[in-house]
file coords.txt (compact mmCIF, C-alpha atoms)
# COMPACT_ATOMS: atom_id res chain seq x y z
CA MET A 5 -67.00 19.96 44.06
CA PRO A 6 -63.44 19.99 45.41
CA PHE A 7 -60.60 19.71 42.91
CA LEU A 8 -57.68 17.94 44.57
CA VAL A 9 -54.07 17.28 43.60
CA TRP A 10 -51.70 14.74 45.15
CA THR A 11 -47.99 14.16 44.57
CA GLY A 12 -45.82 11.10 45.15
CA VAL A 13 -43.83 10.63 48.34
CA GLU A 14 -41.25 7.97 47.41
CA GLU A 15 -41.65 7.70 43.63
CA TRP A 16 -42.68 10.08 40.88
CA LEU A 17 -46.43 10.20 40.40
CA THR A 18 -49.21 12.74 40.51
CA GLU A 19 -52.98 12.58 40.53
CA SER A 20 -55.74 15.13 40.26
CA ALA A 21 -59.46 14.62 40.74
CA ALA A 22 -62.67 16.61 40.72
CA VAL A 23 -64.75 14.96 43.44
CA GLU A 24 -68.47 15.23 44.06
CA LEU A 25 -69.11 14.03 47.59
CA ASP A 26 -72.22 14.07 49.76
CA GLY A 27 -74.21 11.77 52.01
CA ALA A 28 -75.61 10.02 48.95
CA GLY A 29 -72.26 8.85 47.63
CA LEU A 30 -69.23 9.83 45.59
CA SER A 31 -68.41 10.49 41.96
CA ALA A 32 -65.11 11.65 40.54
CA ILE A 33 -63.23 12.43 37.35
CA GLY A 34 -59.47 12.16 37.67
CA THR A 35 -56.09 11.71 36.02
CA GLN A 36 -53.08 9.77 37.28
CA LEU A 37 -49.60 10.23 35.82
CA GLY A 38 -46.78 7.80 36.55
CA ALA A 39 -43.28 6.96 35.39
CA GLU A 40 -42.92 3.25 36.22
CA PRO A 41 -42.38 0.90 34.42
CA ALA A 42 -42.53 3.62 31.72
CA PRO A 43 -44.27 7.01 31.56
CA PHE A 44 -48.07 6.64 31.42
CA ARG A 45 -51.35 8.46 31.93
CA VAL A 46 -54.62 7.03 33.26
CA ASP A 47 -57.85 9.02 33.02
CA TYR A 48 -60.79 7.73 35.03
CA ARG A 49 -64.45 8.34 35.81
CA LEU A 50 -65.92 6.81 38.98
CA GLU A 51 -69.58 6.53 40.01
CA ALA A 52 -70.25 5.25 43.54
CA PRO A 53 -73.80 6.01 44.77
CA GLY A 54 -74.13 5.01 48.41
CA PHE A 55 -70.31 4.68 48.39
CA VAL A 56 -70.68 1.40 46.45
CA THR A 57 -68.94 1.32 43.06
CA ARG A 58 -71.39 1.00 40.17
CA GLU A 59 -69.18 2.07 37.27
CA LEU A 60 -65.50 2.79 36.68
CA GLU A 61 -64.26 3.89 33.26
CA LEU A 62 -60.53 4.21 32.65
CA THR A 63 -58.27 4.96 29.70
CA ALA A 64 -54.55 4.21 30.00
CA THR A 65 -52.16 5.80 27.50
CA ALA A 66 -48.43 5.21 27.09
CA GLU A 67 -45.91 5.22 24.25
CA GLY A 68 -47.28 3.08 21.43
CA TRP A 69 -50.45 1.81 23.10
CA ARG A 70 -53.79 2.64 24.66
CA ARG A 71 -56.28 0.59 26.71
CA HIS A 72 -59.85 1.47 27.60
CA LEU A 73 -61.66 -0.39 30.41
CA LEU A 74 -65.29 -0.07 31.41
CA LEU A 75 -65.94 -1.89 34.69
CA ARG A 76 -69.57 -2.24 35.77
CA HIS A 77 -71.02 -3.55 39.04
CA ASP A 78 -74.69 -4.28 39.78
CA GLY A 79 -74.24 -3.27 43.45
CA SER A 80 -74.54 -6.86 44.69
CA GLY A 81 -71.29 -8.49 43.64
CA VAL A 82 -71.81 -9.08 39.91
CA TRP A 83 -69.02 -7.43 37.90
CA GLU A 84 -68.36 -7.22 34.16
CA ALA A 85 -65.56 -5.67 32.13
CA GLU A 86 -65.30 -4.36 28.58
CA VAL A 87 -61.79 -3.87 27.21
CA ASP A 88 -60.60 -2.15 24.04
CA ASP A 89 -56.90 -2.09 23.10
CA ARG A 90 -54.83 -0.21 20.57
CA GLY A 91 -51.18 -1.17 20.09
CA ASP A 92 -49.11 -3.55 22.19
CA VAL A 93 -50.38 -2.94 25.71
CA ALA A 94 -47.94 -3.35 28.59
CA GLY A 95 -48.46 -6.78 30.14
CA GLY A 96 -49.94 -8.23 26.97
CA PRO A 97 -53.49 -8.72 25.71
CA TRP A 98 -56.41 -9.21 28.09
CA ASP A 99 -59.97 -10.21 27.24
CA GLY A 100 -61.53 -8.64 30.34
CA SER A 101 -61.88 -11.89 32.31
CA LEU A 102 -62.26 -11.10 36.00
CA PRO A 103 -61.36 -12.98 39.18
CA ASP A 104 -64.06 -13.90 41.70
CA LEU A 105 -65.32 -10.50 42.89
CA SER A 106 -68.68 -11.68 44.25
CA ASP A 107 -67.83 -10.30 47.71
CA ALA A 108 -66.51 -6.97 46.38
CA LEU A 109 -68.43 -3.69 46.54
CA ASP A 110 -65.51 -1.35 45.87
CA ILE A 111 -62.76 -0.65 43.39
CA ASP A 112 -59.23 0.41 44.28
CA ILE A 113 -57.03 1.96 41.59
CA GLN A 114 -53.36 1.17 42.17
CA ASN A 115 -51.46 4.13 43.68
CA SER A 116 -54.60 6.29 43.76
CA PRO A 117 -54.99 8.47 46.87
CA LEU A 118 -58.75 8.70 46.23
CA THR A 119 -60.12 5.20 46.00
CA ASN A 120 -59.75 4.06 49.62
CA THR A 121 -62.50 6.54 50.47
CA MET A 122 -65.59 4.43 49.72
CA PRO A 123 -65.38 1.77 52.48
CA ILE A 124 -64.24 4.39 55.00
CA LEU A 125 -67.28 6.62 54.44
CA ARG A 126 -69.76 3.80 53.88
CA HIS A 127 -68.98 2.34 57.31
CA GLY A 128 -68.11 5.50 59.22
CA PHE A 129 -64.52 4.49 59.99
CA GLN A 130 -63.60 8.17 60.19
CA ARG A 131 -65.38 8.06 63.57
CA GLU A 132 -64.96 4.47 64.80
CA GLY A 133 -64.90 0.81 63.86
CA SER A 134 -63.02 -1.56 61.56
CA GLY A 135 -63.79 -4.01 58.79
CA ASP A 136 -62.45 -6.42 56.15
CA PHE A 137 -63.21 -6.00 52.45
CA LEU A 138 -62.51 -7.49 49.07
CA MET A 139 -61.64 -4.90 46.46
CA ALA A 140 -61.64 -4.97 42.67
CA PHE A 141 -58.04 -3.78 42.39
CA VAL A 142 -57.17 -2.08 39.08
CA MET A 143 -53.48 -2.27 38.21
CA THR A 144 -51.88 0.72 36.52
CA PRO A 145 -51.05 1.20 33.76
CA SER A 146 -52.21 -2.22 32.45
CA LEU A 147 -55.76 -1.80 33.92
CA ARG A 148 -55.93 -5.53 34.67
CA VAL A 149 -58.21 -6.29 37.61
CA GLU A 150 -57.24 -8.43 40.60
CA ALA A 151 -59.03 -9.36 43.82
CA SER A 152 -57.45 -7.59 46.79
CA PRO A 153 -58.42 -8.38 50.41
CA GLN A 154 -57.98 -5.31 52.61
CA ARG A 155 -58.71 -4.19 56.16
CA TYR A 156 -59.47 -0.70 57.50
CA GLU A 157 -59.31 0.29 61.18
CA HIS A 158 -60.13 3.60 62.85
CA VAL A 159 -57.05 4.71 64.80
CA ARG A 160 -57.89 8.17 66.12
CA THR A 161 -59.60 11.44 65.35
CA THR A 162 -57.49 14.53 64.79
CA GLU A 163 -58.05 18.27 64.73
CA ASP A 164 -58.48 18.18 60.95
CA GLY A 165 -59.99 14.72 60.38
CA SER A 166 -58.89 11.23 61.37
CA VAL A 167 -56.32 8.48 60.92
CA ILE A 168 -57.31 5.13 59.41
CA ARG A 169 -55.04 2.08 59.40
CA TYR A 170 -54.92 0.25 56.07
CA ILE A 171 -53.78 -3.39 56.06
CA SER A 172 -53.19 -5.47 52.94
CA ARG A 173 -54.50 -8.97 53.63
CA ASP A 174 -52.48 -10.60 50.83
CA GLY A 175 -49.17 -9.00 51.78
CA ASP A 176 -47.38 -7.36 54.70
CA PHE A 177 -48.09 -3.73 53.79
CA THR A 178 -49.67 -1.52 56.46
CA ALA A 179 -50.11 2.26 56.46
CA GLU A 180 -51.87 4.87 58.57
CA LEU A 181 -53.89 7.05 56.21
CA GLU A 182 -54.56 10.66 57.17
CA ILE A 183 -57.92 11.94 55.92
CA ASP A 184 -59.71 15.26 56.23
CA ARG A 185 -63.15 15.83 57.71
CA ASP A 186 -64.78 14.86 54.40
CA GLY A 187 -62.97 11.51 54.36
CA LEU A 188 -60.59 12.50 51.53
CA LEU A 189 -56.94 11.60 51.83
CA THR A 190 -54.32 14.15 52.80
CA PHE A 191 -51.36 11.82 53.43
CA TYR A 192 -50.64 8.19 52.53
CA PRO A 193 -47.21 7.09 53.85
CA ARG A 194 -44.83 5.91 51.10
CA LEU A 195 -47.42 6.79 48.44
CA ALA A 196 -48.77 10.35 48.21
CA ARG A 197 -49.66 13.57 49.97
CA ARG A 198 -52.10 16.28 49.02
CA VAL A 199 -50.70 19.46 47.49
CA GLU A 200 -52.04 22.54 49.25
CA PRO A 201 -52.79 25.93 47.64
CA ASP A 202 -49.75 28.23 47.30
CA GLU A 203 -47.38 25.39 48.20
CA ARG A 204 -43.94 25.69 46.63
CA ALA A 205 -42.32 22.69 44.96
CA ASP A 206 -39.34 22.83 47.35
CA GLU A 207 -41.53 22.90 50.46
CA GLU A 208 -42.44 19.84 52.51
CA ALA A 209 -45.97 19.46 53.79
call {"tool": "encode", "arguments": {"input": "coords.txt", "output": "structure tokens"}}
result
Amino acid sequence: MPFLVWTGVEEWLTESAAVELDGAGLSAIGTQLGAEPAPFRVDYRLEAPGFVTRELELTATAEGWRRHLLLRHDGSGVWEAEVDDRGDVAGGPWDGSLPDLSDALDIDIQNSPLTNTMPILRHGFQREGSGDFLMAFVMTPSLRVEASPQRYEHVRTTEDGSVIRYISRDGDFTAELEIDRDGLLTFYPRLARRVEPDERADEEA
């Protein structure tokens, strides 16, 4: 079970995750720390058998408030959310109402270097191919869920893994994601890069 750490590239953030990954799917327990719009922490637990999200549990904590979200998926496009708030949550109250996610099989946590992995491994994009997907996109730190159309395209294999092009279908953002041989992200332009063992804080990867 690899334990991975990523750090922000253009803004301050960090994420760590213990990841269990095999041919049968992915599960992970992780923590994301951010500073915008105010300092926050998000702890999450992800279960994705067959690389299809079945359950995502998150707890967001910031000064004066806390929100817990349990997001469940039946594996065929039926999603439900349970929300519990304490304090005045950033972005205001939310009853857990979800957008139309009937075509979504995956979640994507905002600014997370981990959660692009499921569609890549499920469809073998680390080797070849491309595809369009609808994601249940979880905003941080509010944990509100939006529908996010995304596209992934195999670009090339490398000595250490492969490069996958990510395209946001509801905006103009595109990035070439560098992943290792297991399909886990090592570099996401403008977002994050993996921290390697013995790396000094003043060194660039």
call {"tool": "residues_around", "arguments": {"input": "coords.txt", "residues": "A:Thr11", "least_positions_apart": "3", "cutoff": "8 Å", "atoms": "all atoms listed in the file", "output": "JSON, numbers by chain"}}
result
{"A": [16, 17, 18, 19, 196, 197, 198, 199]}
call {"tool": "residues_around", "arguments": {"input": "coords.txt", "residues": "A:Ile124", "least_positions_apart": "2", "cutoff": "12 Å", "atoms": "only C-alpha atoms", "output": "ChimeraX atom specification"}}
result
/A:29-30,54-56,110,118-122,126-137,154-158,166-170,181-189
call {"tool": "residues_near_point", "arguments": {"input": "coords.txt", "point": "(-67.9, 13.8, 44.4)", "cutoff": "10 Å", "atoms": "all atoms listed in the file", "output": "list in words"}}
result
Met5, Pro6, Phe7, Ala21, Ala22, Val23, Glu24, Leu25, Asp26, Ala28, Gly29, Leu30, Ser31, Ala32, Ile33, Leu50, Glu51, Ala52 and Pro53 of chain A
call {"tool": "closest_residue", "arguments": {"input": "coords.txt", "among": "A:Val9, A:Val142, A:Ala85, A:Val149", "to": "A:Val46", "atoms": "all atoms listed in the file"}}
result
A:Val142
call {"tool": "atom_distance", "arguments": {"input": "coords.txt", "atom1": "atom CA of A:Arg148", "atom2": "atom CA of A:Pro103"}}
result
10.3 Å
call {"tool": "residues_near_point", "arguments": {"input": "coords.txt", "point": "(-51.6, 2.5, 20.3)", "cutoff": "10 Å", "atoms": "all atoms listed in the file", "output": "number ranges by chain"}}
result
A: 65-71, 89-93
call {"tool": "write_last_selection", "arguments": {"input": "coords.txt", "atoms": "C-alpha atoms", "output": "JSON list (two decimals), in the frame of the given file"}}
result
[["chain", "number", "residue", "atom", "x", "y", "z"],
["A", 65, "THR", "CA", -52.16, 5.80, 27.50],
["A", 66, "ALA", "CA", -48.43, 5.21, 27.09],
["A", 67, "GLU", "CA", -45.91, 5.22, 24.25],
["A", 68, "GLY", "CA", -47.28, 3.08, 21.43],
["A", 69, "TRP", "CA", -50.45, 1.81, 23.10],
["A", 70, "ARG", "CA", -53.79, 2.64, 24.66],
["A", 71, "ARG", "CA", -56.28, 0.59, 26.71],
["A", 89, "ASP", "CA", -56.90, -2.09, 23.10],
["A", 90, "ARG", "CA", -54.83, -0.21, 20.57],
["A", 91, "GLY", "CA", -51.18, -1.17, 20.09],
["A", 92, "ASP", "CA", -49.11, -3.55, 22.19],
["A", 93, "VAL", "CA", -50.38, -2.94, 25.71]]
call {"tool": "atom_distance", "arguments": {"input": "coords.txt", "atom1": "atom CA of A:Thr144", "atom2": "atom CA of A:Leu8"}}
result
19.9 Å
call {"tool": "residues_around", "arguments": {"input": "coords.txt", "residues": "A:Leu75", "least_positions_apart": "3", "cutoff": "7 Å", "atoms": "all atoms listed in the file", "output": "list in words"}}
result
Glu59, Leu60, Glu61, Glu84, Ala85 and Glu86 of chain A
call {"tool": "closest_residue", "arguments": {"input": "coords.txt", "among": "A:Pro97, A:Pro193, A:Gly165, A:Gly81", "to": "A:Leu138", "atoms": "only C-alpha atoms"}}
result
A:Gly81
call {"tool": "atom_distance", "arguments": {"input": "coords.txt", "atom1": "atom CA of A:Gln36", "atom2": "atom CA of A:Ser116"}}
result
7.5 Å
call {"tool": "closest_residue", "arguments": {"input": "coords.txt", "among": "A:Asp78, A:Asp174, A:Glu180, A:Asp88", "to": "A:Met139", "atoms": "only C-alpha atoms"}}
result
A:Asp174
call {"tool": "closest_residue", "arguments": {"input": "coords.txt", "among": "A:Ala108, A:Arg173, A:Asn115, A:Gly96", "to": "A:Ser80", "atoms": "only C-alpha atoms"}}
result
A:Ala108
call {"tool": "closest_residue", "arguments": {"input": "coords.txt", "among": "A:Ala64, A:Met143, A:Ile171, A:Ala151", "to": "A:Asp107", "atoms": "all atoms listed in the file"}}
result
A:Ala151
call {"tool": "build_atoms", "arguments": {"input": "coords.txt", "residues": "stretch 175-186 of chain A", "atoms": "N, CA, C and O atoms", "output": "CSV table (one decimal), in the frame of the given file"}}
result
chain,number,residue,atom,x,y,z
A,175,GLY,N,-50.6,-9.4,51.7
A,175,GLY,CA,-49.2,-9.0,51.8
A,175,GLY,C,-48.9,-8.5,53.2
A,175,GLY,O,-49.7,-8.7,54.1
A,176,ASP,N,-47.7,-7.9,53.4
A,176,ASP,CA,-47.4,-7.4,54.7
A,176,ASP,C,-47.4,-5.8,54.8
A,176,ASP,O,-46.8,-5.3,55.7
A,177,PHE,N,-48.1,-5.2,53.8
A,177,PHE,CA,-48.1,-3.7,53.8
A,177,PHE,C,-49.2,-3.2,54.7
A,177,PHE,O,-50.3,-3.6,54.7
A,178,THR,N,-48.8,-2.2,55.6
A,178,THR,CA,-49.7,-1.5,56.5
A,178,THR,C,-49.3,0.0,56.4
A,178,THR,O,-48.2,0.3,56.3
A,179,ALA,N,-50.3,0.8,56.5
A,179,ALA,CA,-50.1,2.3,56.5
A,179,ALA,C,-51.2,2.9,57.2
A,179,ALA,O,-52.4,2.5,57.3
A,180,GLU,N,-50.9,4.1,57.9
A,180,GLU,CA,-51.9,4.9,58.6
A,180,GLU,C,-52.2,6.1,57.7
A,180,GLU,O,-51.4,7.0,57.5
A,181,LEU,N,-53.4,6.0,57.1
A,181,LEU,CA,-53.9,7.0,56.2
A,181,LEU,C,-54.4,8.2,57.0
A,181,LEU,O,-55.3,8.1,57.9
A,182,GLU,N,-54.0,9.4,56.6
A,182,GLU,CA,-54.6,10.7,57.2
A,182,GLU,C,-55.6,11.2,56.2
A,182,GLU,O,-55.3,11.4,55.0
A,183,ILE,N,-56.8,11.4,56.7
A,183,ILE,CA,-57.9,11.9,55.9
A,183,ILE,C,-58.5,13.2,56.5
A,183,ILE,O,-58.4,13.4,57.8
A,184,ASP,N,-59.1,14.0,55.7
A,184,ASP,CA,-59.7,15.3,56.2
A,184,ASP,C,-61.1,15.0,56.7
A,184,ASP,O,-61.6,13.8,56.8
A,185,ARG,N,-61.8,16.0,57.1
A,185,ARG,CA,-63.2,15.8,57.7
A,185,ARG,C,-64.2,15.3,56.7
A,185,ARG,O,-65.2,14.8,57.1
A,186,ASP,N,-63.9,15.4,55.4
A,186,ASP,CA,-64.8,14.9,54.4
A,186,ASP,C,-64.5,13.4,54.1
A,186,ASP,O,-65.2,12.8,53.3
